[in-house]
>>> print(open('my_file02.txt').read())   # compact mmCIF, C-alpha atoms
# COMPACT_ATOMS: atom_id res chain seq x y z
CA MET A 1 118.09 119.77 136.00
CA SER A 2 116.30 122.19 133.69
CA GLY A 3 118.29 125.35 133.14
CA GLN A 4 121.46 123.84 134.57
CA ASP A 5 124.49 122.34 132.91
CA PRO A 6 124.56 118.56 133.40
CA ARG A 7 127.22 117.30 135.76
CA THR A 8 129.92 115.38 133.94
CA ASP A 9 132.24 114.30 136.75
CA ARG A 10 132.92 110.57 137.03
CA LEU A 11 130.69 109.89 140.01
CA SER A 12 127.71 111.82 138.64
CA ILE A 13 127.86 109.92 135.35
CA LEU A 14 127.88 106.58 137.14
CA ILE A 15 125.08 107.59 139.51
CA GLU A 16 122.92 108.81 136.61
CA GLN A 17 123.49 105.50 134.81
CA PHE A 18 122.57 103.59 137.98
CA ASP A 19 119.43 105.70 138.52
CA GLN A 20 118.22 105.12 134.97
CA ALA A 21 118.84 101.37 135.22
CA ARG A 22 117.03 101.14 138.55
CA GLU A 23 114.05 103.16 137.31
CA THR A 24 113.74 101.01 134.19
CA ALA A 25 114.02 97.84 136.27
CA GLN A 26 111.28 98.87 138.70
CA VAL A 27 108.89 99.67 135.86
CA ARG A 28 109.77 96.43 134.04
CA LEU A 29 109.15 94.31 137.17
CA LYS A 30 105.76 95.81 138.02
CA GLY A 31 103.14 93.11 138.54
CA LEU A 32 105.59 90.22 138.99
CA GLY A 33 103.78 87.30 140.62
CA ASP A 34 105.13 84.33 142.52
CA GLU A 35 104.48 81.79 139.75
CA GLU A 36 106.32 83.82 137.13
CA TYR A 37 109.09 84.67 139.60
CA LEU A 38 109.81 80.96 140.16
CA TRP A 39 109.08 79.76 136.61
CA GLU A 40 111.84 77.49 135.23
CA PRO A 41 112.08 78.13 131.47
CA ALA A 42 114.10 74.94 130.86
CA PRO A 43 115.07 71.77 132.72
CA GLY A 44 118.03 72.28 135.02
CA SER A 45 117.45 76.00 135.45
CA TRP A 46 119.13 77.67 138.41
CA SER A 47 116.73 79.13 140.93
CA ILE A 48 116.12 79.48 144.64
CA ARG A 49 115.18 76.21 146.34
CA ARG A 50 114.41 74.81 149.74
CA ARG A 51 117.68 73.89 151.38
CA GLU A 52 116.89 70.18 151.37
CA GLU A 53 116.13 70.32 147.63
CA ALA A 54 119.32 72.11 146.52
CA VAL A 55 120.86 70.55 143.40
CA THR A 56 123.96 72.70 142.88
CA PRO A 57 127.16 72.04 144.85
CA ARG A 58 127.61 75.52 146.36
CA ALA A 59 124.03 76.73 146.84
CA TYR A 60 124.00 79.27 149.66
CA GLY A 61 121.82 81.34 151.95
CA PRO A 62 121.23 81.69 155.70
CA GLY A 63 117.64 80.44 155.82
CA ALA A 64 115.25 77.80 154.55
CA TRP A 65 115.73 78.87 150.90
CA VAL A 66 119.08 78.88 149.11
CA LEU A 67 120.40 80.31 145.83
CA ASP A 68 121.84 77.90 143.28
CA LYS A 69 125.58 78.18 142.71
CA GLY A 70 127.70 75.81 140.66
CA ALA A 71 131.21 74.45 140.94
CA PRO A 72 133.97 77.08 140.74
CA ARG A 73 135.35 77.76 137.27
CA ILE A 74 136.82 80.48 135.11
CA PRO A 75 134.41 81.28 132.24
CA ALA A 76 135.98 81.34 128.79
CA SER A 77 134.81 84.94 128.43
CA GLU A 78 137.08 85.86 131.36
CA TYR A 79 140.32 84.31 130.06
CA ALA A 80 141.48 87.72 128.82
CA GLU A 81 140.75 89.24 132.23
CA VAL A 82 142.85 86.55 133.93
CA ALA A 83 145.69 87.35 131.54
CA ARG A 84 145.37 91.06 132.39
CA GLN A 85 145.47 90.28 136.09
CA ALA A 86 148.66 88.28 135.65
CA ALA A 87 150.22 90.94 133.41
CA GLY A 88 149.39 93.54 136.05
CA GLY A 89 151.48 91.69 138.61
CA MET A 90 148.83 89.64 140.43
CA SER A 91 150.21 86.31 141.56
CA VAL A 92 148.77 83.06 140.28
CA ALA A 93 147.82 82.15 143.85
CA LYS A 94 145.86 85.40 144.26
CA ILE A 95 144.13 84.95 140.91
CA ALA A 96 143.14 81.43 141.95
CA GLU A 97 141.76 82.78 145.21
CA ASP A 98 139.74 85.46 143.40
CA TRP A 99 138.16 82.93 141.05
CA SER A 100 137.82 80.20 143.73
CA VAL A 101 139.72 77.70 141.57
CA SER A 102 142.97 75.81 141.89
CA VAL A 103 146.37 77.27 141.01
CA GLU A 104 146.68 74.56 138.38
CA ARG A 105 143.49 75.75 136.69
CA VAL A 106 144.79 79.33 136.52
CA GLU A 107 148.07 78.10 135.04
CA GLU A 108 146.12 76.16 132.40
CA VAL A 109 144.18 79.30 131.46
CA LEU A 110 147.35 81.42 131.25
CA ALA A 111 149.02 78.80 129.06
CA PHE A 112 146.02 78.46 126.77
CA THR A 113 146.72 79.84 123.28
CA GLY A 114 143.73 78.66 121.25
CA GLU A 115 140.18 79.91 120.90
CA PRO A 116 138.21 79.04 124.06
CA GLU A 117 134.94 77.19 123.70
CA PRO A 118 131.85 79.36 124.24
CA ASP A 119 130.65 79.50 127.82
CA VAL A 120 127.76 77.26 128.77
CA VAL A 121 125.80 79.73 130.88
CA PRO A 122 123.08 78.23 133.07
CA ILE A 123 119.52 79.26 132.31
CA THR A 124 118.01 80.91 135.36
CA THR A 125 114.70 81.91 136.85
CA ILE A 126 113.76 85.49 137.65
CA ALA A 127 114.04 84.46 141.31
CA TRP A 128 117.69 83.55 140.77
CA ARG A 129 118.53 86.83 139.02
CA VAL A 130 116.81 88.92 141.71
CA GLY A 131 118.46 86.90 144.48
CA HIS A 132 121.88 87.13 142.86
CA LEU A 133 121.63 90.90 142.49
CA HIS A 134 120.39 91.33 146.05
CA SER A 135 123.19 89.17 147.44
CA ASP A 136 125.86 90.90 145.35
CA PHE A 137 124.86 94.45 146.26
CA ALA A 138 124.31 93.56 149.92
CA GLY A 139 127.71 91.89 150.16
CA ARG A 140 129.60 94.68 148.47
CA TRP A 141 127.89 97.31 150.64
CA GLU A 142 128.84 95.40 153.80
CA TRP A 143 132.47 95.14 152.71
CA THR A 144 132.73 98.77 151.54
CA PHE A 145 130.52 100.87 153.81
CA GLY A 146 129.58 98.39 156.52
CA GLU A 147 131.48 96.53 159.21
CA ARG A 148 133.35 94.30 156.73
CA ARG A 149 132.86 91.19 158.79
CA GLN A 150 129.71 89.33 157.69
CA ASP A 151 129.90 86.58 155.08
CA PRO A 152 128.19 87.95 151.94
CA HIS A 153 126.53 84.58 151.44
CA ARG A 154 124.64 84.96 154.71
CA LEU A 155 123.28 88.48 154.28
CA VAL A 156 120.13 87.81 152.23
CA ASP A 157 117.33 85.53 153.37
CA PHE A 158 116.02 84.30 150.02
CA THR A 159 112.25 84.00 149.68
CA PRO A 160 109.71 82.40 147.30
CA SER A 161 107.62 85.59 147.55
CA ALA A 162 108.21 87.87 144.56
CA SER A 163 106.94 90.97 146.33
CA SER A 164 109.11 90.37 149.42
CA ALA A 165 112.18 89.67 147.28
CA LEU A 166 111.71 92.87 145.27
CA ASP A 167 111.09 94.97 148.39
CA GLY A 168 114.41 93.72 149.76
CA LEU A 169 116.24 94.35 146.49
CA TRP A 170 114.98 97.94 146.12
CA GLU A 171 115.91 98.69 149.73
CA THR A 172 119.43 97.36 149.21
CA LEU A 173 119.89 99.24 145.93
CA ASP A 174 118.70 102.47 147.56
CA ARG A 175 121.17 102.02 150.42
CA HIS A 176 123.95 101.47 147.87
CA ARG A 177 122.87 104.62 146.00
CA ALA A 178 122.85 106.74 149.17
CA SER A 179 126.32 105.54 150.19
CA ILE A 180 128.06 106.01 146.84
CA ALA A 181 126.64 109.55 146.58
CA THR A 182 128.91 110.56 149.49
CA LEU A 183 132.15 109.38 147.86
CA THR A 184 135.04 111.74 147.16
CA ASP A 185 137.34 111.63 144.16
CA GLU A 186 140.06 110.30 146.44
CA GLN A 187 137.83 107.43 147.56
CA LEU A 188 136.91 106.60 143.96
CA ASP A 189 140.61 106.16 143.22
CA THR A 190 141.33 104.19 146.40
CA VAL A 191 142.51 100.65 145.73
CA GLY A 192 140.76 98.28 148.11
CA LEU A 193 138.05 100.67 149.31
CA SER A 194 135.87 97.60 148.83
CA GLN A 195 137.19 94.54 150.61
CA TYR A 196 134.50 92.23 149.21
CA PRO A 197 136.06 88.77 149.63
CA TYR A 198 134.64 87.00 146.55
CA GLY A 199 136.44 88.80 143.75
CA SER A 200 139.23 91.20 142.92
CA ASP A 201 137.73 94.22 144.72
CA PRO A 202 140.57 94.51 147.28
CA ASP A 203 143.04 94.94 144.40
CA ASP A 204 140.97 97.38 142.34
CA ALA A 205 140.38 101.13 142.45
CA TYR A 206 136.81 101.65 143.60
CA ILE A 207 135.83 103.55 140.45
CA GLY A 208 136.21 100.27 138.54
CA THR A 209 134.26 98.31 141.14
CA LEU A 210 131.47 100.86 140.95
CA ALA A 211 131.31 100.74 137.15
CA ASN A 212 131.15 96.94 137.30
CA ALA A 213 128.26 97.15 139.79
CA ASN A 214 126.29 99.19 137.27
CA LEU A 215 127.01 96.64 134.56
CA GLU A 216 125.88 93.86 136.90
CA LEU A 217 122.54 95.59 137.49
CA ILE A 218 122.02 96.37 133.81
CA HIS A 219 122.83 92.95 132.40
CA HIS A 220 120.87 90.95 134.98
CA MET A 221 117.84 93.21 134.59
CA ALA A 222 118.05 92.74 130.82
CA GLU A 223 117.94 88.97 131.36
CA ILE A 224 114.93 89.39 133.67
CA ALA A 225 113.15 91.48 131.03
CA LEU A 226 113.68 88.70 128.48
CA LEU A 227 112.34 86.10 130.92
CA ARG A 228 109.21 88.21 131.42
CA ASP A 229 108.73 88.35 127.64
CA LEU A 230 109.12 84.58 127.37
CA TRP A 231 106.64 84.07 130.20
CA ARG A 232 104.03 86.14 128.38
CA ALA A 233 104.73 84.31 125.10
CA ARG A 234 104.33 80.98 126.88
CA LEU A 235 100.91 81.94 128.17
CA SER A 236 99.69 83.33 124.86
CA GLY A 237 101.19 80.66 122.62
>>> encode(input="my_file02.txt", output="structure tokens")
Amino acid sequence: MSGQDPRTDRLSILIEQFDQARETAQVRLKGLGDEEYLWEPAPGSWSIRRREEAVTPRAYGPGAWVLDKGAPRIPASEYAEVARQAAGGMSVAKIAEDWSVSVERVEEVLAFTGEPEPDVVPITTIAWRVGHLHSDFAGRWEWTFGERRQDPHRLVDFTPSASSALDGLWETLDRHRASIATLTDEQLDTVGLSQYPYGSDPDDAYIGTLANANLELIHHMAEIALLRDLWRARLSG
């Protein structure tokens, strides 16, 4: 944009952030091989697995390989968000539905007044992070710009091939980028523009959903970058 004033409207800022994150990610993932892609840095790591070898209670996927997913819970880091949802008028039943937990669990969180214990976040493989991102962006595209009928958990056929997985991820991210570039200010402010069924999207203005999508890409790609560093350290140690 040499010689031009940079665009500073809301959508342009978010698209520029997305573009920079995607470019960095593609460079950082260059040369990823299958062994590194599936490497488990610690026992009990979440990954993609053959369906018959799944070890987590809600592992999902439409094909022979599934993505690990644990029992439903509300992370301690999200207690404040649950409180904001309730303060904003969302019913306990709806909050429970959004987090896939019981009403009783939501009530316990809302009544909690102490300091929550730190979250125990599962260690993952690069395959899990790539698969999670692909599934998330594919599902949210389907329920925002698509037909809004397919189960997000059945949209991505997970694969043990690093190159195939990345090809699918880049294609999905590019489709997302092309679709959001067409949005109007009115659509950005529309509550429920995304009807993605596994979260609070139907109750949120799309501008917030879009910002969260960028954060999802950035933080998972940062985790992947760290895993690549650890893989190299493991081989050279």
>>> atom_distance(input="my_file02.txt", atom1="CA of Gln195 in chain A", atom2="CA of Trp143 in chain A")
5.2 Å
>>> closest_residue(input="my_file02.txt", among="A:Val121, A:Leu11, A:Leu32, A:Ala205", to="Ala165 in chain A", atoms="only C-alpha atoms")
A:Leu32
>>> residues_around(input="my_file02.txt", residues="Lys94 in chain A", least_positions_apart="2", cutoff="10 Å", atoms="all atoms listed in the file", output="list in words")
Gln85, Ala86, Met90, Ser91, Val92, Ala96, Glu97, Asp98, Trp99, Ser100, Val103, Val106, Ser200 and Asp203 of chain A
>>> atom_distance(input="my_file02.txt", atom1="CA of Ile126 in chain A", atom2="CA of Asp201 in chain A")
26.5 Å
>>> closest_residue(input="my_file02.txt", among="A:Ala222, A:Asp157, A:Ala64, A:Thr144", to="Thr209 in chain A", atoms="all atoms listed in the file")
A:Thr144
>>> atom_distance(input="my_file02.txt", atom1="CA of Ala54 in chain A", atom2="CA of Pro152 in chain A")
18.9 Å
>>> decode(input="my_file02.txt", residues="range 27-40 of chain A", atoms="N, CA, C and O atoms", output="mmCIF file, in the first residue's frame")
data_model
loop_
_atom_site.group_PDB
_atom_site.id
_atom_site.type_symbol
_atom_site.label_atom_id
_atom_site.label_comp_id
_atom_site.auth_asym_id
_atom_site.auth_seq_id
_atom_site.Cartn_x
_atom_site.Cartn_y
_atom_site.Cartn_z
ATOM 1 N N VAL A 27 5.099 -19.931 6.830
ATOM 2 C CA VAL A 27 6.564 -19.965 6.850
ATOM 3 C C VAL A 27 7.063 -20.884 7.957
ATOM 4 O O VAL A 27 7.976 -21.692 7.766
ATOM 5 N N ARG A 28 6.430 -20.776 9.132
ATOM 6 C CA ARG A 28 6.884 -21.545 10.309
ATOM 7 C C ARG A 28 6.656 -23.043 10.127
ATOM 8 O O ARG A 28 7.351 -23.858 10.729
ATOM 9 N N LEU A 29 5.684 -23.427 9.300
ATOM 10 C CA LEU A 29 5.359 -24.845 9.127
ATOM 11 C C LEU A 29 6.027 -25.466 7.909
ATOM 12 O O LEU A 29 5.807 -26.642 7.615
ATOM 13 N N LYS A 30 6.845 -24.701 7.211
ATOM 14 C CA LYS A 30 7.538 -25.236 6.043
ATOM 15 C C LYS A 30 8.416 -26.418 6.438
ATOM 16 O O LYS A 30 9.134 -26.380 7.430
ATOM 17 N N GLY A 31 8.341 -27.493 5.670
ATOM 18 C CA GLY A 31 9.174 -28.663 5.918
ATOM 19 C C GLY A 31 8.656 -29.620 6.972
ATOM 20 O O GLY A 31 9.360 -30.558 7.366
ATOM 21 N N LEU A 32 7.424 -29.428 7.436
ATOM 22 C CA LEU A 32 6.872 -30.327 8.462
ATOM 23 C C LEU A 32 6.693 -31.732 7.889
ATOM 24 O O LEU A 32 6.020 -31.926 6.880
ATOM 25 N N GLY A 33 7.295 -32.706 8.557
ATOM 26 C CA GLY A 33 7.173 -34.099 8.130
ATOM 27 C C GLY A 33 6.183 -34.869 8.987
ATOM 28 O O GLY A 33 5.771 -34.408 10.057
ATOM 29 N N ASP A 34 5.844 -36.052 8.538
ATOM 30 C CA ASP A 34 4.828 -36.852 9.225
ATOM 31 C C ASP A 34 5.246 -37.234 10.637
ATOM 32 O O ASP A 34 4.423 -37.231 11.560
ATOM 33 N N GLU A 35 6.515 -37.585 10.825
ATOM 34 C CA GLU A 35 6.961 -38.020 12.154
ATOM 35 C C GLU A 35 6.858 -36.886 13.162
ATOM 36 O O GLU A 35 6.371 -37.070 14.283
ATOM 37 N N GLU A 36 7.298 -35.701 12.767
ATOM 38 C CA GLU A 36 7.213 -34.542 13.659
ATOM 39 C C GLU A 36 5.764 -34.147 13.896
ATOM 40 O O GLU A 36 5.377 -33.805 15.021
ATOM 41 N N TYR A 37 4.973 -34.199 12.862
ATOM 42 C CA TYR A 37 3.542 -33.861 12.920
ATOM 43 C C TYR A 37 2.820 -34.695 13.975
ATOM 44 O O TYR A 37 1.988 -34.187 14.736
ATOM 45 N N LEU A 38 3.171 -35.974 14.073
ATOM 46 C CA LEU A 38 2.497 -36.893 14.998
ATOM 47 C C LEU A 38 3.259 -37.100 16.304
ATOM 48 O O LEU A 38 2.787 -37.837 17.181
ATOM 49 N N TRP A 39 4.400 -36.451 16.466
ATOM 50 C CA TRP A 39 5.221 -36.654 17.659
ATOM 51 C C TRP A 39 4.459 -36.256 18.923
ATOM 52 O O TRP A 39 3.890 -35.170 19.023
ATOM 53 N N GLU A 40 4.479 -37.169 19.928
ATOM 54 C CA GLU A 40 3.832 -36.905 21.215
ATOM 55 C C GLU A 40 4.900 -36.468 22.211
ATOM 56 O O GLU A 40 5.709 -37.295 22.646
#
